[in-house]
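Shown next: coords.cif, containing mmCIF, C-alpha atoms.
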```cif
data_upload
loop_
_atom_site.label_atom_id
_atom_site.label_comp_id
_atom_site.auth_asym_id
_atom_site.auth_seq_id
_atom_site.Cartn_x
_atom_site.Cartn_y
_atom_site.Cartn_z
CA MET R 1 154.97 85.18 88.19
CA SER R 2 151.91 86.40 86.33
CA PRO R 3 148.41 85.11 87.07
CA PRO R 4 146.90 82.51 84.75
CA PRO R 5 144.85 83.91 81.87
CA PRO R 6 141.18 84.39 82.75
CA HIS R 7 138.72 81.86 81.46
CA ASP R 8 136.26 83.35 79.06
CA ILE R 9 133.03 82.32 80.75
CA PRO R 10 130.07 82.91 78.43
CA ALA R 11 127.59 85.66 79.32
CA ASP R 12 124.78 83.05 79.34
CA ILE R 13 126.42 81.24 82.27
CA PHE R 14 126.79 84.49 84.23
CA TYR R 15 123.20 85.37 83.34
CA GLU R 16 121.80 82.10 84.73
CA ILE R 17 123.80 82.55 87.94
CA LEU R 18 122.83 86.20 88.35
CA LEU R 19 119.15 85.42 87.81
CA GLN R 20 119.34 83.73 91.22
CA TYR R 21 120.81 86.87 92.82
CA GLY R 22 118.33 88.46 95.19
CA VAL R 23 117.17 92.04 95.18
CA LYS R 24 118.75 93.17 98.44
CA ASN R 25 121.80 94.96 97.01
CA LEU R 26 121.13 95.89 93.41
CA ALA R 27 123.62 98.75 93.66
CA PHE R 28 126.43 96.23 94.23
CA LEU R 29 125.26 94.17 91.28
CA TRP R 30 125.10 97.22 88.98
CA LEU R 31 128.16 99.15 90.16
CA ASN R 32 130.57 96.37 91.13
CA CYS R 33 129.66 93.34 89.02
CA ARG R 34 129.13 95.06 85.66
CA PRO R 35 132.76 96.25 85.37
CA VAL R 36 134.21 92.74 85.93
CA SER R 37 134.21 91.79 82.25
CA HIS R 38 132.33 92.35 79.02
CA ASN R 39 130.42 89.08 79.50
CA PHE R 40 129.59 89.91 83.11
CA LYS R 41 128.35 93.36 82.04
CA ASP R 42 126.11 91.80 79.39
CA ALA R 43 124.75 89.31 81.91
CA VAL R 44 124.02 91.95 84.57
CA GLU R 45 122.23 94.14 82.03
CA ARG R 46 120.17 91.19 80.79
CA VAL R 47 119.16 90.42 84.39
CA PHE R 48 118.04 94.03 84.85
CA VAL R 49 115.98 93.83 81.67
CA ALA R 50 114.44 90.50 82.72
CA LYS R 51 113.83 91.19 86.43
CA HIS R 52 114.23 94.80 87.46
CA LEU R 53 112.95 97.12 84.71
CA LYS R 54 109.42 95.85 85.29
CA LYS R 55 109.89 96.72 88.99
CA THR R 56 110.96 100.27 88.16
CA TRP R 57 108.44 103.13 88.08
CA LEU R 58 108.44 106.86 87.49
CA HIS R 59 106.33 109.02 89.77
CA VAL R 60 105.55 112.46 88.37
CA TYR R 61 104.14 115.02 90.79
CA ILE R 62 101.16 116.86 89.32
CA ARG R 63 100.65 120.13 91.17
CA GLU R 64 97.03 120.55 90.02
CA LEU R 65 96.12 117.18 91.54
CA ASP R 66 98.51 117.46 94.51
CA ARG R 67 99.59 113.87 93.90
CA ASP R 68 101.88 111.66 91.85
CA ILE R 69 101.00 109.90 88.63
CA GLU R 70 102.80 106.60 88.12
CA LEU R 71 104.34 105.63 84.79
CA GLN R 72 105.05 101.94 84.34
CA PHE R 73 107.69 100.14 82.35
CA TYR R 74 106.28 99.35 78.92
CA ARG R 75 109.14 98.15 76.72
CA LEU R 76 112.64 98.70 75.46
CA ASP R 77 112.73 100.97 72.42
CA ALA R 78 112.87 98.62 69.42
CA ALA R 79 114.96 101.09 67.40
CA ASP R 80 117.38 101.76 70.29
CA PRO R 81 117.51 99.15 73.09
CA THR R 82 119.56 101.52 75.27
CA ARG R 83 116.31 103.46 75.69
CA VAL R 84 113.41 102.35 77.83
CA VAL R 85 109.78 103.41 77.40
CA PHE R 86 107.42 104.03 80.32
CA GLU R 87 103.73 104.81 79.87
CA SER R 88 100.59 106.05 81.57
CA SER R 89 97.02 106.48 80.42
CA ALA R 90 96.05 108.72 83.35
CA TYR R 91 96.02 112.53 83.18
CA GLN R 92 97.97 112.67 79.93
CA GLY R 93 97.50 116.41 79.40
CA LEU R 94 98.68 117.18 82.93
CA LEU R 95 101.69 114.90 82.49
CA GLU R 96 102.57 116.68 79.27
CA ARG R 97 102.38 120.08 81.00
CA ALA R 98 104.42 118.86 83.98
CA LEU R 99 107.18 117.43 81.78
CA LYS R 100 107.17 120.06 79.01
CA LYS R 101 110.43 121.60 80.24
CA GLY R 102 112.03 118.24 81.03
CA PRO R 103 112.00 116.13 84.16
CA SER R 104 112.94 118.50 86.98
CA LEU R 105 114.36 116.63 89.92
CA SER R 106 111.69 118.06 92.16
CA ASN R 107 108.76 116.52 90.33
CA VAL R 108 110.04 113.15 89.00
CA ILE R 109 110.92 110.32 91.37
CA ILE R 110 112.35 107.00 90.20
CA GLN R 111 111.35 103.94 92.20
CA ILE R 112 113.30 100.69 91.83
CA ARG R 113 111.51 98.05 93.86
CA HIS R 114 111.35 99.63 97.36
CA ASP R 115 114.01 102.32 96.85
CA ALA R 116 113.22 105.77 95.48
CA ASN R 117 115.25 108.79 94.44
CA ASP R 118 115.00 111.92 92.31
CA THR R 119 117.76 110.74 90.00
CA MET R 120 118.20 112.35 86.59
CA LEU R 121 116.91 110.65 83.45
CA PRO R 122 119.62 110.88 80.76
CA GLY R 123 118.29 111.44 77.25
CA PHE R 124 114.75 112.12 78.51
CA ARG R 125 112.01 112.49 75.85
CA TYR R 126 108.25 112.26 75.98
CA HIS R 127 105.50 111.61 73.46
CA PHE R 128 102.09 113.18 73.93
CA ASP R 129 99.18 112.51 71.63
CA PRO R 130 95.90 114.35 72.35
CA ASP R 131 94.05 111.19 71.31
CA PRO R 132 92.94 109.70 74.68
CA THR R 133 93.33 106.16 73.32
CA VAL R 134 97.09 106.71 72.89
CA LYS R 135 99.01 106.41 76.15
CA PHE R 136 101.46 109.06 77.31
CA GLU R 137 105.03 107.77 76.90
CA VAL R 138 108.41 108.86 78.20
CA SER R 139 111.73 107.36 77.18
CA PHE R 140 115.30 107.71 78.41
CA ASP R 141 118.66 105.94 78.65
CA TRP R 142 117.91 103.19 81.17
CA LYS R 143 121.55 102.19 81.78
CA GLY R 144 122.49 105.80 82.49
CA MET R 145 119.54 106.16 84.87
CA TYR R 146 120.57 103.03 86.82
CA CYS R 147 124.18 104.30 86.99
CA HIS R 148 123.05 107.64 88.46
CA PHE R 149 120.49 106.03 90.78
CA PHE R 150 122.87 103.46 92.26
CA ARG R 151 125.80 105.90 92.57
CA GLU R 152 123.56 108.24 94.55
CA GLN R 153 122.28 105.34 96.64
CA LYS R 154 125.84 104.21 97.39
CA GLU R 155 126.81 107.75 98.44
CA VAL R 156 123.78 108.02 100.73
CA HIS R 157 124.69 104.70 102.38
CA ARG R 158 128.30 105.84 102.76
CA ARG R 159 127.21 109.06 104.46
CA CYS R 160 124.78 107.20 106.71
CA ASP R 161 127.55 104.80 107.75
CA ILE R 162 129.78 107.77 108.62
CA ALA R 163 126.97 109.37 110.64
CA VAL R 164 126.40 106.12 112.55
CA ARG R 165 130.13 105.83 113.32
CA ILE R 166 130.32 109.44 114.47
CA SER R 167 127.28 109.06 116.72
CA SER R 168 128.80 105.89 118.20
CA ILE R 169 132.05 107.73 118.93
CA VAL R 170 130.16 110.67 120.47
CA ALA R 171 128.10 108.29 122.62
CA PHE R 172 131.28 106.53 123.75
CA VAL R 173 133.00 109.83 124.63
CA ILE R 174 129.94 111.05 126.53
CA ASP R 175 129.75 107.75 128.40
CA GLU R 176 133.48 107.74 129.21
CA CYS R 177 133.57 111.38 130.28
CA HIS R 178 130.29 111.07 132.20
CA ILE R 179 128.97 114.14 130.45
#
```

Using structure tokens, write down the structure that the file contains.
Amino acid sequence: MSPPPPHDIPADIFYEILLQYGVKNLAFLWLNCRPVSHNFKDAVERVFVAKHLKKTWLHVYIRELDRDIELQFYRLDAADPTRVVFESSAYQGLLERALKKGPSLSNVIIQIRHDANDTMLPGFRYHFDPDPTVKFEVSFDWKGMYCHFFREQKEVHRRCDIAVRISSIVAFVIDECHI
């Protein structure tokens, strides 16, 4: 006996439900909920645009200053909404020099709410204008970045869980053997 055909729930319904989803496990939302259906994927991505892109920052380490410069979410690229644009008006020349060869993992950190990682930025580009009134902009594939970020986060959690289990087993063996 085959299962009944799935109901085609509109993406707008999923979107309204997912807007109520907290921020505790965004990796689950991105990695597990997006693949459920086309409508669910659309809804999850709309939630990320509405709630989480504005809580995502890039931190670029500037060696000359011995500190990070923060780039903030500015907008989705109007010509290509798969690209996101971040901007900064501080230290534009130093940012341009730091990113000239692309975003090396050692000097660019992505922060999503309270989590941070040196995840790659697919399709990375930057725009530098020597005019100080024009802000320094970087753009990249935001969906690809979230995929990389959350996959890495999931792997870190998996490894931490294994380490906790191993340490519990070792503690148990030590206790039982009175070592």

Translate the PyMOL selection byres ((chain R and resi 55) around 10), as applied to the file shown, into an explicit residue set as JSON, numbers by chain. {"R": [48, 49, 50, 51, 52, 53, 54, 56, 57, 72, 73, 111, 112, 113, 114]}

If you measure from atom CA of Gln20 of chain R to atom CA of Asp42 of chain R, what distance in Å do you get, rounded to one decimal?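 If I compute the distance from atom CA of Gln20 of chain R to atom CA of Asp42 of chain R, I get 15.8 Å.
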
Name the residues that the PyMOL selection byres ((chain R and resi 63) around 12) pulls out of this structure, and write them as number ranges by chain. R: 60-62, 64-69, 91, 94-95, 97-99, 106-108

File of the preceding selection, C-alpha atoms, as a PDB file, in the frame of the given file:
```pdb
ATOM      1  CA  VAL R  60     105.550 112.460  88.370  1.00  0.00           C
ATOM      2  CA  TYR R  61     104.140 115.020  90.790  1.00  0.00           C
ATOM      3  CA  ILE R  62     101.160 116.860  89.320  1.00  0.00           C
ATOM      4  CA  GLU R  64      97.030 120.550  90.020  1.00  0.00           C
ATOM      5  CA  LEU R  65      96.120 117.180  91.540  1.00  0.00           C
ATOM      6  CA  ASP R  66      98.510 117.460  94.510  1.00  0.00           C
ATOM      7  CA  ARG R  67      99.590 113.870  93.900  1.00  0.00           C
ATOM      8  CA  ASP R  68     101.880 111.660  91.850  1.00  0.00           C
ATOM      9  CA  ILE R  69     101.000 109.900  88.630  1.00  0.00           C
ATOM     10  CA  TYR R  91      96.020 112.530  83.180  1.00  0.00           C
ATOM     11  CA  LEU R  94      98.680 117.180  82.930  1.00  0.00           C
ATOM     12  CA  LEU R  95     101.690 114.900  82.490  1.00  0.00           C
ATOM     13  CA  ARG R  97     102.380 120.080  81.000  1.00  0.00           C
ATOM     14  CA  ALA R  98     104.420 118.860  83.980  1.00  0.00           C
ATOM     15  CA  LEU R  99     107.180 117.430  81.780  1.00  0.00           C
ATOM     16  CA  SER R 106     111.690 118.060  92.160  1.00  0.00           C
ATOM     17  CA  ASN R 107     108.760 116.520  90.330  1.00  0.00           C
ATOM     18  CA  VAL R 108     110.040 113.150  89.000  1.00  0.00           C
TER      19      VAL R 108
END
```

So that I can check the surroundings of Asp131 of chain R, please list as a list in words every protein, DNA and RNA residue that reaches within 12 Å of it, counting all atoms listed in the file and ignoring chain neighbours fewer than 6 positions away. Ser89, Gln92 and Gly93 of chain R

I would like the residues chosen by the PyMOL selection byres ((chain R and resi 47) around 12) on the shown file; could you give them as a PyMOL selection string? chain R and resi 11-23+26+29-30+33-34+40-46+48-54

Produce the centre coordinates and the three edge lengths, each in Å to one decimal, of the box along x, y and z that contains all listed atoms of segment 51-65 of chain R with 6 Å added on each side, as AutoDock Vina command-line options.
```
--center_x 105.2 --center_y 105.9 --center_z 88.1 --size_x 30.1 --size_y 41.4 --size_z 18.8
```

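When atom CA of Lys135 of chain R is paired with atom CA of Arg83 of chain R, their separation reads 17.6 Å.
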
Near Phe28 of chain R, counting only C-alpha atoms, which residues have an atom at most 12 Å away, once you skip same-chain residues fewer than 6 positions from it, shown as a count of residues only? 14

So how many Å separate atom CA of His38 of chain R and atom CA of Arg75 of chain R, to one decimal? 24.0 Å

Option closest in space to Lys143 of chain R, from R:Gly102, R:Pro130, R:Pro10, R:Pro122 [counting all atoms listed in the file]: R:Pro122

For Glu96 of chain R, the nearest of the candidates R:Val170, R:Leu58, R:Ile9, R:Val138, counting only C-alpha atoms: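 Using only C-alpha atoms, the shortest distance to Glu96 of chain R belongs to R:Val138.
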
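You can rank R:Ser37, R:Glu137, R:Lys101, R:His148 by their closest distance to Leu121 of chain R using only C-alpha atoms, and at the top of that list sits R:His148.
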
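In terms of minimum interatomic distance to Phe140 of chain R, R:Asp77 ranks closest within R:Glu176, R:Asp161, R:Asp8, R:Asp77, counting all atoms listed in the file.
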